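The structure file run_12.csv is reproduced below (CSV, C-alpha atoms).
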chain,number,residue,atom,x,y,z
A,1,MET,CA,-5.3,-83.0,-42.2
A,2,ALA,CA,-8.0,-85.5,-41.0
A,3,ILE,CA,-9.7,-85.0,-37.6
A,4,GLN,CA,-8.6,-87.7,-35.2
A,5,VAL,CA,-10.0,-88.6,-31.8
A,6,ARG,CA,-8.5,-90.4,-28.8
A,7,ARG,CA,-7.5,-93.9,-30.0
A,8,GLY,CA,-5.6,-97.0,-28.9
A,9,LEU,CA,-5.9,-100.6,-27.9
A,10,LYS,CA,-9.0,-101.7,-25.8
A,11,SER,CA,-6.7,-103.0,-23.1
A,12,ASP,CA,-5.2,-99.5,-22.7
A,13,PHE,CA,-8.5,-97.6,-22.5
A,14,ASP,CA,-9.0,-95.5,-19.3
A,15,PRO,CA,-12.4,-93.7,-19.2
A,16,SER,CA,-11.3,-91.4,-16.3
A,17,LYS,CA,-8.8,-89.6,-18.6
A,18,MET,CA,-11.5,-88.6,-21.1
A,19,LEU,CA,-12.8,-85.0,-21.3
A,20,PRO,CA,-16.5,-83.9,-21.8
A,21,GLY,CA,-17.3,-84.0,-25.5
A,22,GLU,CA,-14.4,-86.3,-26.4
A,23,TRP,CA,-14.6,-89.4,-28.4
A,24,ALA,CA,-12.4,-92.6,-27.9
A,25,VAL,CA,-11.9,-95.5,-30.4
A,26,ALA,CA,-10.4,-98.9,-29.8
A,27,ILE,CA,-8.4,-99.8,-32.9
A,28,ASP,CA,-7.7,-103.5,-32.1
A,29,SER,CA,-7.4,-105.8,-35.1
A,30,ASP,CA,-10.1,-108.1,-33.5
A,31,THR,CA,-13.4,-106.8,-34.7
A,32,ASN,CA,-15.0,-107.8,-31.4
A,33,ASN,CA,-12.7,-105.3,-29.7
A,34,GLN,CA,-13.3,-102.4,-32.1
A,35,ILE,CA,-15.5,-100.2,-29.8
A,36,VAL,CA,-16.4,-96.5,-29.7
A,37,TRP,CA,-16.9,-94.4,-26.5
A,38,MET,CA,-18.3,-90.9,-25.8
A,39,CYS,CA,-17.6,-88.8,-22.7
A,40,PHE,CA,-20.6,-86.6,-21.7
A,41,THR,CA,-19.3,-85.2,-18.4
A,42,ALA,CA,-16.3,-86.0,-16.3
A,43,GLY,CA,-16.6,-89.6,-15.2
A,44,VAL,CA,-19.7,-90.2,-17.4
A,45,VAL,CA,-18.6,-92.3,-20.4
A,46,LYS,CA,-21.0,-94.4,-22.5
A,47,ARG,CA,-20.2,-97.0,-25.1
A,48,MET,CA,-21.6,-96.3,-28.5
A,49,GLY,CA,-23.0,-99.0,-30.9
A,50,THR,CA,-22.9,-99.5,-34.7
A,51,TRP,CA,-25.3,-101.3,-37.1
A,52,GLU,CA,-23.0,-104.3,-37.4
A,53,ASP,CA,-22.7,-104.5,-33.6
A,54,PHE,CA,-26.5,-104.4,-33.2
A,55,LYS,CA,-27.0,-107.1,-35.9
A,56,ARG,CA,-24.5,-109.4,-34.4
A,57,GLN,CA,-25.7,-108.9,-30.9
A,58,ILE,CA,-29.3,-109.6,-31.9
A,59,ALA,CA,-28.3,-112.8,-33.7
A,60,GLU,CA,-26.4,-113.9,-30.6
A,61,ALA,CA,-29.2,-112.9,-28.3
A,62,THR,CA,-31.9,-114.8,-30.3
A,63,ASP,CA,-30.8,-118.3,-29.2
A,64,ASP,CA,-30.6,-117.2,-25.6
A,65,ILE,CA,-34.0,-115.6,-25.7
A,66,ARG,CA,-35.5,-118.8,-27.2
A,67,GLU,CA,-34.0,-120.9,-24.5
A,68,GLU,CA,-35.3,-118.6,-21.8
A,69,TYR,CA,-38.8,-118.8,-23.3
A,70,LEU,CA,-38.7,-122.6,-23.5
A,71,ALA,CA,-37.6,-122.8,-19.9
A,72,GLU,CA,-40.4,-120.4,-18.8
A,73,PHE,CA,-43.0,-122.3,-20.9
A,74,GLN,CA,-42.0,-125.6,-19.4
A,75,ALA,CA,-42.3,-124.2,-15.9
A,76,ILE,CA,-45.8,-123.0,-16.7
A,77,LEU,CA,-46.7,-126.4,-18.2
A,78,ASN,CA,-45.6,-128.1,-15.0
A,79,GLN,CA,-47.7,-125.8,-12.9
A,80,ILE,CA,-50.7,-126.4,-15.1
A,81,GLU,CA,-50.3,-130.2,-14.7
A,82,GLU,CA,-50.0,-129.8,-10.9
A,83,LEU,CA,-53.2,-127.6,-10.9
A,84,ALA,CA,-55.1,-130.2,-13.0
A,85,GLU,CA,-54.1,-132.9,-10.5
A,86,GLN,CA,-55.1,-130.7,-7.6
A,87,THR,CA,-58.4,-129.8,-9.3
A,88,SER,CA,-59.2,-133.5,-9.6
A,89,ILE,CA,-58.6,-133.9,-5.9
A,90,ASN,CA,-60.6,-130.8,-5.1
A,91,THR,CA,-63.5,-132.1,-7.2
A,92,ASP,CA,-63.7,-135.3,-5.2
A,93,THR,CA,-63.6,-133.2,-2.0
A,94,VAL,CA,-66.4,-130.9,-3.3
A,95,VAL,CA,-68.5,-134.0,-4.1
A,96,THR,CA,-68.0,-135.3,-0.6
A,97,ILE,CA,-68.8,-131.9,0.9
A,98,ARG,CA,-72.0,-131.7,-1.2
A,99,ASP,CA,-73.1,-135.1,-0.1
A,100,ASP,CA,-72.4,-134.3,3.6
A,101,PHE,CA,-74.3,-131.0,3.2
A,102,LEU,CA,-77.4,-132.5,1.6
A,103,ASN,CA,-77.5,-135.5,3.9
A,104,SER,CA,-76.4,-134.1,7.2
A,105,TYR,CA,-76.0,-130.3,7.3
A,106,LEU,CA,-79.1,-129.3,5.3
A,107,PRO,CA,-81.6,-131.1,7.7
A,108,GLN,CA,-79.9,-129.5,10.6
A,109,ILE,CA,-80.0,-126.1,9.0
A,110,GLN,CA,-83.7,-126.5,8.2
A,111,ASP,CA,-84.4,-127.5,11.8
A,112,CYS,CA,-82.4,-124.6,13.1
A,113,LEU,CA,-84.3,-122.3,10.7
A,114,SER,CA,-87.6,-123.5,12.0
A,115,LYS,CA,-86.4,-123.1,15.6
A,116,SER,CA,-85.2,-119.6,14.6
A,117,LYS,CA,-88.6,-118.7,13.3
A,118,ASN,CA,-90.1,-119.8,16.6
A,119,TYR,CA,-87.5,-117.9,18.5
A,120,ALA,CA,-88.2,-114.8,16.3
A,121,SER,CA,-91.9,-115.1,17.0
A,122,ASN,CA,-91.3,-115.5,20.7
A,123,ALA,CA,-88.8,-112.6,20.5
A,124,SER,CA,-91.4,-110.4,18.8
A,125,ALA,CA,-94.0,-111.3,21.5
A,126,SER,CA,-91.3,-110.5,24.1
A,127,ALA,CA,-90.5,-107.2,22.4
A,128,SER,CA,-94.2,-106.3,22.3
A,129,ALA,CA,-94.5,-107.2,26.0
A,130,ALA,CA,-91.3,-105.2,26.7
A,131,LYS,CA,-92.8,-102.3,24.7
A,132,ALA,CA,-95.9,-102.4,26.8
A,133,SER,CA,-93.8,-102.6,29.9
A,134,GLU,CA,-91.8,-99.6,28.7
A,135,THR,CA,-95.0,-97.7,28.1
A,136,ASN,CA,-96.3,-98.6,31.5
A,137,ALA,CA,-92.9,-97.6,33.0
A,138,LYS,CA,-93.0,-94.2,31.2
A,139,THR,CA,-96.6,-93.7,32.4
A,140,SER,CA,-95.5,-94.5,36.0
A,141,GLU,CA,-92.5,-92.2,35.5
A,142,THR,CA,-94.7,-89.4,34.3
A,143,ASN,CA,-97.0,-89.9,37.3
A,144,ALA,CA,-94.0,-90.0,39.6
A,145,LYS,CA,-92.7,-86.8,38.1
A,146,ALA,CA,-96.1,-85.2,38.4
A,147,SER,CA,-96.2,-86.3,42.1
A,148,GLU,CA,-92.7,-85.0,42.5
A,149,THR,CA,-93.7,-81.7,40.9
A,150,ALA,CA,-96.7,-81.4,43.1
A,151,SER,CA,-94.6,-82.2,46.2
A,152,MET,CA,-92.0,-79.6,45.2
A,153,LYS,CA,-94.8,-77.0,44.6
A,154,SER,CA,-96.2,-77.8,48.1
A,155,GLU,CA,-92.8,-77.5,49.6
A,156,ASN,CA,-92.2,-74.2,47.8
A,157,ALA,CA,-95.6,-73.0,49.0
A,158,SER,CA,-94.8,-74.0,52.5
A,159,ARG,CA,-91.5,-72.2,52.3
A,160,ILE,CA,-93.2,-69.1,50.9
A,161,SER,CA,-95.8,-69.2,53.7
A,162,GLU,CA,-93.0,-69.6,56.3
A,163,SER,CA,-91.1,-66.7,54.8
A,164,ASN,CA,-94.3,-64.6,54.7
A,165,ALA,CA,-95.0,-65.5,58.4
A,166,VAL,CA,-91.5,-64.5,59.4
A,167,GLY,CA,-91.9,-61.3,57.4
A,168,ALA,CA,-95.3,-60.6,59.0
A,169,ALA,CA,-93.8,-61.3,62.5
A,170,GLN,CA,-90.9,-58.9,61.7
A,171,THR,CA,-93.4,-56.3,60.4
A,172,ALA,CA,-95.5,-56.7,63.5
A,173,THR,CA,-92.4,-56.3,65.7
A,174,ASP,CA,-91.4,-53.2,63.7
A,175,LYS,CA,-94.9,-51.7,64.0
A,176,ALA,CA,-94.9,-52.4,67.7
A,177,ASP,CA,-91.6,-50.7,68.2
A,178,ALA,CA,-92.8,-47.8,66.1
A,179,ALA,CA,-96.0,-47.6,68.2
A,180,ALA,CA,-93.9,-47.6,71.4
A,181,THR,CA,-91.8,-44.8,69.9
A,182,SER,CA,-94.9,-42.9,68.9
A,183,ALA,CA,-96.3,-43.3,72.3
A,184,VAL,CA,-93.2,-41.9,73.9
A,185,ASN,CA,-93.1,-39.1,71.4
A,186,ALA,CA,-96.8,-38.5,72.0
A,187,SER,CA,-96.2,-38.4,75.8
A,188,GLU,CA,-93.3,-35.9,75.3
A,189,SER,CA,-95.5,-33.9,72.9
A,190,ALA,CA,-98.3,-33.9,75.5
A,191,THR,CA,-95.9,-32.6,78.2
A,192,VAL,CA,-94.6,-29.9,75.9
A,193,ALA,CA,-98.2,-29.0,74.9
A,194,VAL,CA,-99.2,-28.7,78.5
A,195,THR,CA,-96.2,-26.5,79.3
A,196,ALA,CA,-96.9,-24.4,76.2
A,197,LYS,CA,-100.5,-24.1,77.2
A,198,ASP,CA,-99.6,-23.0,80.7
A,199,THR,CA,-97.1,-20.5,79.2
A,200,ALA,CA,-99.7,-19.2,76.7
A,201,VAL,CA,-102.4,-18.9,79.4
A,202,LYS,CA,-100.0,-16.9,81.6
A,203,ALA,CA,-98.9,-14.8,78.7
A,204,GLY,CA,-102.5,-14.2,77.8
A,205,ASP,CA,-103.3,-13.2,81.4
A,206,ASP,CA,-100.3,-10.8,81.4
A,207,ALA,CA,-101.3,-9.3,78.1
A,208,LYS,CA,-104.9,-8.8,79.3
A,209,ALA,CA,-103.6,-7.1,82.4
A,210,LEU,CA,-101.5,-4.8,80.2
A,211,VAL,CA,-104.4,-4.1,77.9
A,212,ASP,CA,-106.7,-3.2,80.9
A,213,GLU,CA,-104.0,-1.0,82.4
A,214,ALA,CA,-103.4,0.7,79.1
A,215,MET,CA,-107.2,1.2,78.6
A,216,GLU,CA,-107.4,2.8,82.1
A,217,MET,CA,-104.5,5.1,81.4
A,218,LEU,CA,-106.1,6.1,78.1
A,219,GLU,CA,-109.4,6.7,79.7
A,220,SER,CA,-107.8,8.8,82.5
A,221,GLY,CA,-105.7,10.8,80.1
A,222,SER,CA,-102.5,10.1,82.1
A,223,LEU,CA,-100.8,8.0,79.3
A,224,VAL,CA,-101.0,10.5,76.4
A,225,GLY,CA,-101.0,14.2,76.9
A,226,PRO,CA,-101.6,16.8,74.1
A,227,PRO,CA,-98.4,17.2,72.2
A,228,GLY,CA,-96.9,20.7,72.3
A,229,ILE,CA,-95.4,22.5,69.4
A,230,GLN,CA,-91.9,21.3,68.9
A,231,GLY,CA,-89.4,24.2,68.7
A,232,PRO,CA,-86.5,24.3,66.4
A,233,GLN,CA,-83.5,22.3,67.6
A,234,GLY,CA,-80.5,24.5,68.3
A,235,GLU,CA,-77.0,23.7,67.0
A,236,LYS,CA,-74.9,21.5,69.1
A,237,GLY,CA,-72.0,23.4,70.8
A,238,ASP,CA,-68.4,22.4,70.6
A,239,THR,CA,-67.3,20.0,73.3
A,240,GLY,CA,-65.0,21.7,75.7
A,241,ALA,CA,-61.6,20.5,76.7
A,242,THR,CA,-61.5,17.9,79.5
A,243,GLY,CA,-60.1,19.3,82.7
A,244,ALA,CA,-57.5,17.6,84.8
A,245,GLN,CA,-58.8,15.1,87.3
A,246,GLY,CA,-58.9,16.4,90.7
A,247,ILE,CA,-57.6,14.8,93.9
A,248,GLN,CA,-60.0,12.1,95.1
A,249,GLY,CA,-61.5,13.2,98.4
A,250,PRO,CA,-61.8,11.2,101.5
A,251,LYS,CA,-64.4,8.5,101.6
A,252,GLY,CA,-67.5,9.6,103.3
A,253,ASP,CA,-69.4,7.8,106.0
A,254,LYS,CA,-71.8,5.0,104.9
A,255,GLY,CA,-75.3,6.3,104.8
A,256,ASP,CA,-78.3,4.7,106.3
A,257,LYS,CA,-80.0,1.9,104.3
A,258,GLY,CA,-82.9,3.1,102.4
A,259,ASP,CA,-86.4,1.7,102.5
A,260,LYS,CA,-87.1,-1.3,100.3
A,261,GLY,CA,-88.9,-0.3,97.1
A,262,ASP,CA,-92.2,-1.7,95.8
A,263,THR,CA,-92.1,-5.0,93.9
A,264,GLY,CA,-91.9,-4.3,90.2
A,265,GLU,CA,-94.2,-5.8,87.5
A,266,SER,CA,-93.6,-9.2,86.1
A,267,GLY,CA,-90.7,-9.4,83.7
A,268,ILE,CA,-92.8,-11.3,81.1
A,269,THR,CA,-94.4,-8.9,78.7
A,270,THR,CA,-96.4,-9.7,75.6
A,271,PRO,CA,-97.0,-6.5,73.6
A,272,VAL,CA,-99.9,-6.6,71.2
A,273,ASN,CA,-100.4,-4.6,68.0
A,274,GLY,CA,-100.5,-0.9,68.8
A,275,PHE,CA,-99.1,-1.2,72.3
A,276,PHE,CA,-95.6,-1.2,73.6
A,277,THR,CA,-93.6,-1.7,76.8
A,278,LEU,CA,-90.9,0.6,78.2
A,279,ALA,CA,-88.0,-0.8,80.3
A,280,VAL,CA,-84.7,0.5,81.6
A,281,ASP,CA,-81.6,-1.7,81.6
A,282,ALA,CA,-78.8,-1.8,84.2
A,283,ASP,CA,-76.8,0.8,82.2
A,284,GLY,CA,-79.7,3.3,82.4
A,285,ASN,CA,-80.8,2.9,78.8
A,286,LEU,CA,-84.5,3.2,78.0
A,287,TRP,CA,-85.9,0.4,75.7
A,288,SER,CA,-89.2,0.2,73.9
A,289,TYR,CA,-90.7,-3.3,73.3
A,290,TYR,CA,-93.5,-3.7,70.8
A,291,ALA,CA,-95.1,-6.6,68.8
A,292,GLU,CA,-92.9,-7.9,66.0
A,293,ASP,CA,-95.7,-7.5,63.4
A,294,GLY,CA,-97.1,-4.3,65.1
A,295,THR,CA,-96.6,-0.6,64.3
A,296,THR,CA,-93.3,0.9,65.4
A,297,PRO,CA,-94.1,3.6,68.1
A,298,GLU,CA,-92.7,7.1,67.5
A,299,PHE,CA,-91.3,9.2,70.3
A,300,GLU,CA,-90.3,12.9,70.8
A,301,TYR,CA,-88.0,14.1,73.5
A,302,ASP,CA,-88.2,17.6,75.0
A,303,SER,CA,-84.7,18.5,76.0
A,304,GLU,CA,-85.7,21.6,77.9
A,305,THR,CA,-88.3,19.9,80.2
A,306,GLY,CA,-86.8,16.4,80.0
A,307,ASN,CA,-90.3,15.0,79.0
A,308,LEU,CA,-90.7,12.0,76.5
A,309,TYR,CA,-93.7,12.2,74.3
A,310,VAL,CA,-95.3,9.4,72.2
A,311,VAL,CA,-96.6,10.6,68.9
A,312,GLN,CA,-99.9,9.3,67.7
A,313,GLU,CA,-102.2,10.1,64.8
A,314,VAL,CA,-105.6,11.5,66.0
A,315,GLU,CA,-108.5,11.0,63.6
Is it possible to give me this structure as structure tokens?
Amino acid sequence: MAIQVRRGLKSDFDPSKMLPGEWAVAIDSDTNNQIVWMCFTAGVVKRMGTWEDFKRQIAEATDDIREEYLAEFQAILNQIEELAEQTSINTDTVVTIRDDFLNSYLPQIQDCLSKSKNYASNASASASAAKASETNAKTSETNAKASETASMKSENASRISESNAVGAAQTATDKADAAATSAVNASESATVAVTAKDTAVKAGDDAKALVDEAMEMLESGSLVGPPGIQGPQGEKGDTGATGAQGIQGPKGDKGDKGDKGDTGESGITTPVNGFFTLAVDADGNLWSYYAEDGTTPEFEYDSETGNLYVVQEVE
């Protein structure tokens, strides 16, 4: 069986019913209505042509194209004629303009050109004068700047001198204060020195007196006696038990006031090397005083006689 496509009269053709890839053919008896369509996608349907259709359409279109060309050529010809007429008018205008230019404008231009040259010459001279004035102005400016610089230097030097003067005044004030302080310290030091001198003189006198006294005692033999042979020290006995405190007896009558004792030696002692001083404190303790850098004296106590001996090396 032959393959057939969608077909019918042209008047019944509805492209919206065609499916993609489907052909449709109008099978009218009139050859002008015998047409073929092709559906590419839904809603996209294109009319297809045949050789006979193309040949007939070209023949029909030739007369139309010829008429269109003739009309277009006629319009172009009309424009050319208008341009030719306009060109003739323009030529007359150009001739008039040329005559006016040669007879009127050209002399004026030449006159203006001459004047322009004069103006240019004058402008050049003015420019040279302006250049010279500018040079002079720059020279004046340079001189003014030099004067300004010198003025600024003088001002700075004045400020530095003023600052130095203030500093010198402050330094002088500080030195004066320091001198006053030094004077006060010197006065105090002098006072201390005088006091120290008086103390040293008195201590020297006291030391000399002690030395003289010690020399007299050494010469008389009363200070140092011949040391005896020290016996062996016995063992210390046990301390006995403390007895009960007895009943305090009645207070006795106040005795007569004793005679005033002799004035003792000065409390200021200055031991020298090789010498020492003995003193008893309020508690009854015996102390030996000797020079700090001197030789420490050596003593021996005789418990039987109660005598205290000083030990010395005899050469």
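For stretch 33-45 of chain A, the set of protein, DNA and RNA residues having any atom at most 9 Å away, when counting all atoms listed in the file and skipping those fewer than 3 positions along the same chain, is A:Leu9, A:Lys10, A:Pro15, A:Ser16, A:Lys17, A:Met18, A:Leu19, A:Pro20, A:Gly21, A:Glu22, A:Trp23, A:Ala24, A:Val25, A:Ala26, A:Ile27, A:Asp28, A:Ser29, A:Asp30, A:Met48, A:Gly49, A:Thr50.
Coordinates place atom CA of A:Val95 at a distance of 17.9 Å from atom CA of A:Leu83.
Near A:Ala279, within 8 Å and counting all atoms listed in the file, sit Leu286, Trp287, Ser288 and Tyr289 of chain A; same-chain residues fewer than 6 positions away were not included.
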(request) State, in Å with one decimal place, the distance from atom CA of A:Asn307 to atom CA of A:Leu278. (result) 14.4 Å
Is it possible to produce a file of stretch 55-66 of chain A from this structure, with N, CA and C atoms, as a PDB file, in the first residue's frame?
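That gives us result_35.pdb:
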ATOM      1  N   LYS A  55       9.249  28.451 -11.377  1.00  0.00           N
ATOM      2  CA  LYS A  55       9.281  28.977 -12.733  1.00  0.00           C
ATOM      3  C   LYS A  55       8.129  29.940 -12.964  1.00  0.00           C
ATOM      4  N   ARG A  56       6.970  29.581 -12.521  1.00  0.00           N
ATOM      5  CA  ARG A  56       5.811  30.456 -12.708  1.00  0.00           C
ATOM      6  C   ARG A  56       5.974  31.738 -11.882  1.00  0.00           C
ATOM      7  N   GLN A  57       6.439  31.607 -10.660  1.00  0.00           N
ATOM      8  CA  GLN A  57       6.566  32.786  -9.787  1.00  0.00           C
ATOM      9  C   GLN A  57       7.622  33.753 -10.317  1.00  0.00           C
ATOM     10  N   ILE A  58       8.705  33.166 -10.894  1.00  0.00           N
ATOM     11  CA  ILE A  58       9.738  34.046 -11.458  1.00  0.00           C
ATOM     12  C   ILE A  58       9.182  34.798 -12.667  1.00  0.00           C
ATOM     13  N   ALA A  59       8.438  34.092 -13.494  1.00  0.00           N
ATOM     14  CA  ALA A  59       7.848  34.750 -14.668  1.00  0.00           C
ATOM     15  C   ALA A  59       6.897  35.845 -14.248  1.00  0.00           C
ATOM     16  N   GLU A  60       6.110  35.562 -13.230  1.00  0.00           N
ATOM     17  CA  GLU A  60       5.169  36.582 -12.754  1.00  0.00           C
ATOM     18  C   GLU A  60       5.907  37.746 -12.112  1.00  0.00           C
ATOM     19  N   ALA A  61       7.027  37.446 -11.452  1.00  0.00           N
ATOM     20  CA  ALA A  61       7.753  38.499 -10.735  1.00  0.00           C
ATOM     21  C   ALA A  61       8.577  39.358 -11.668  1.00  0.00           C
ATOM     22  N   THR A  62       8.924  38.917 -12.890  1.00  0.00           N
ATOM     23  CA  THR A  62       9.790  39.680 -13.789  1.00  0.00           C
ATOM     24  C   THR A  62       9.172  41.005 -14.163  1.00  0.00           C
ATOM     25  N   ASP A  63       7.909  41.017 -14.548  1.00  0.00           N
ATOM     26  CA  ASP A  63       7.235  42.275 -14.911  1.00  0.00           C
ATOM     27  C   ASP A  63       7.204  43.231 -13.720  1.00  0.00           C
ATOM     28  N   ASP A  64       6.948  42.705 -12.573  1.00  0.00           N
ATOM     29  CA  ASP A  64       6.899  43.586 -11.375  1.00  0.00           C
ATOM     30  C   ASP A  64       8.269  44.204 -11.102  1.00  0.00           C
ATOM     31  N   ILE A  65       9.295  43.368 -11.262  1.00  0.00           N
ATOM     32  CA  ILE A  65      10.658  43.874 -10.995  1.00  0.00           C
ATOM     33  C   ILE A  65      11.028  44.933 -12.017  1.00  0.00           C
ATOM     34  N   ARG A  66      10.666  44.721 -13.284  1.00  0.00           N
ATOM     35  CA  ARG A  66      10.979  45.698 -14.317  1.00  0.00           C
ATOM     36  C   ARG A  66      10.287  47.025 -14.023  1.00  0.00           C
TER      37      ARG A  66
END
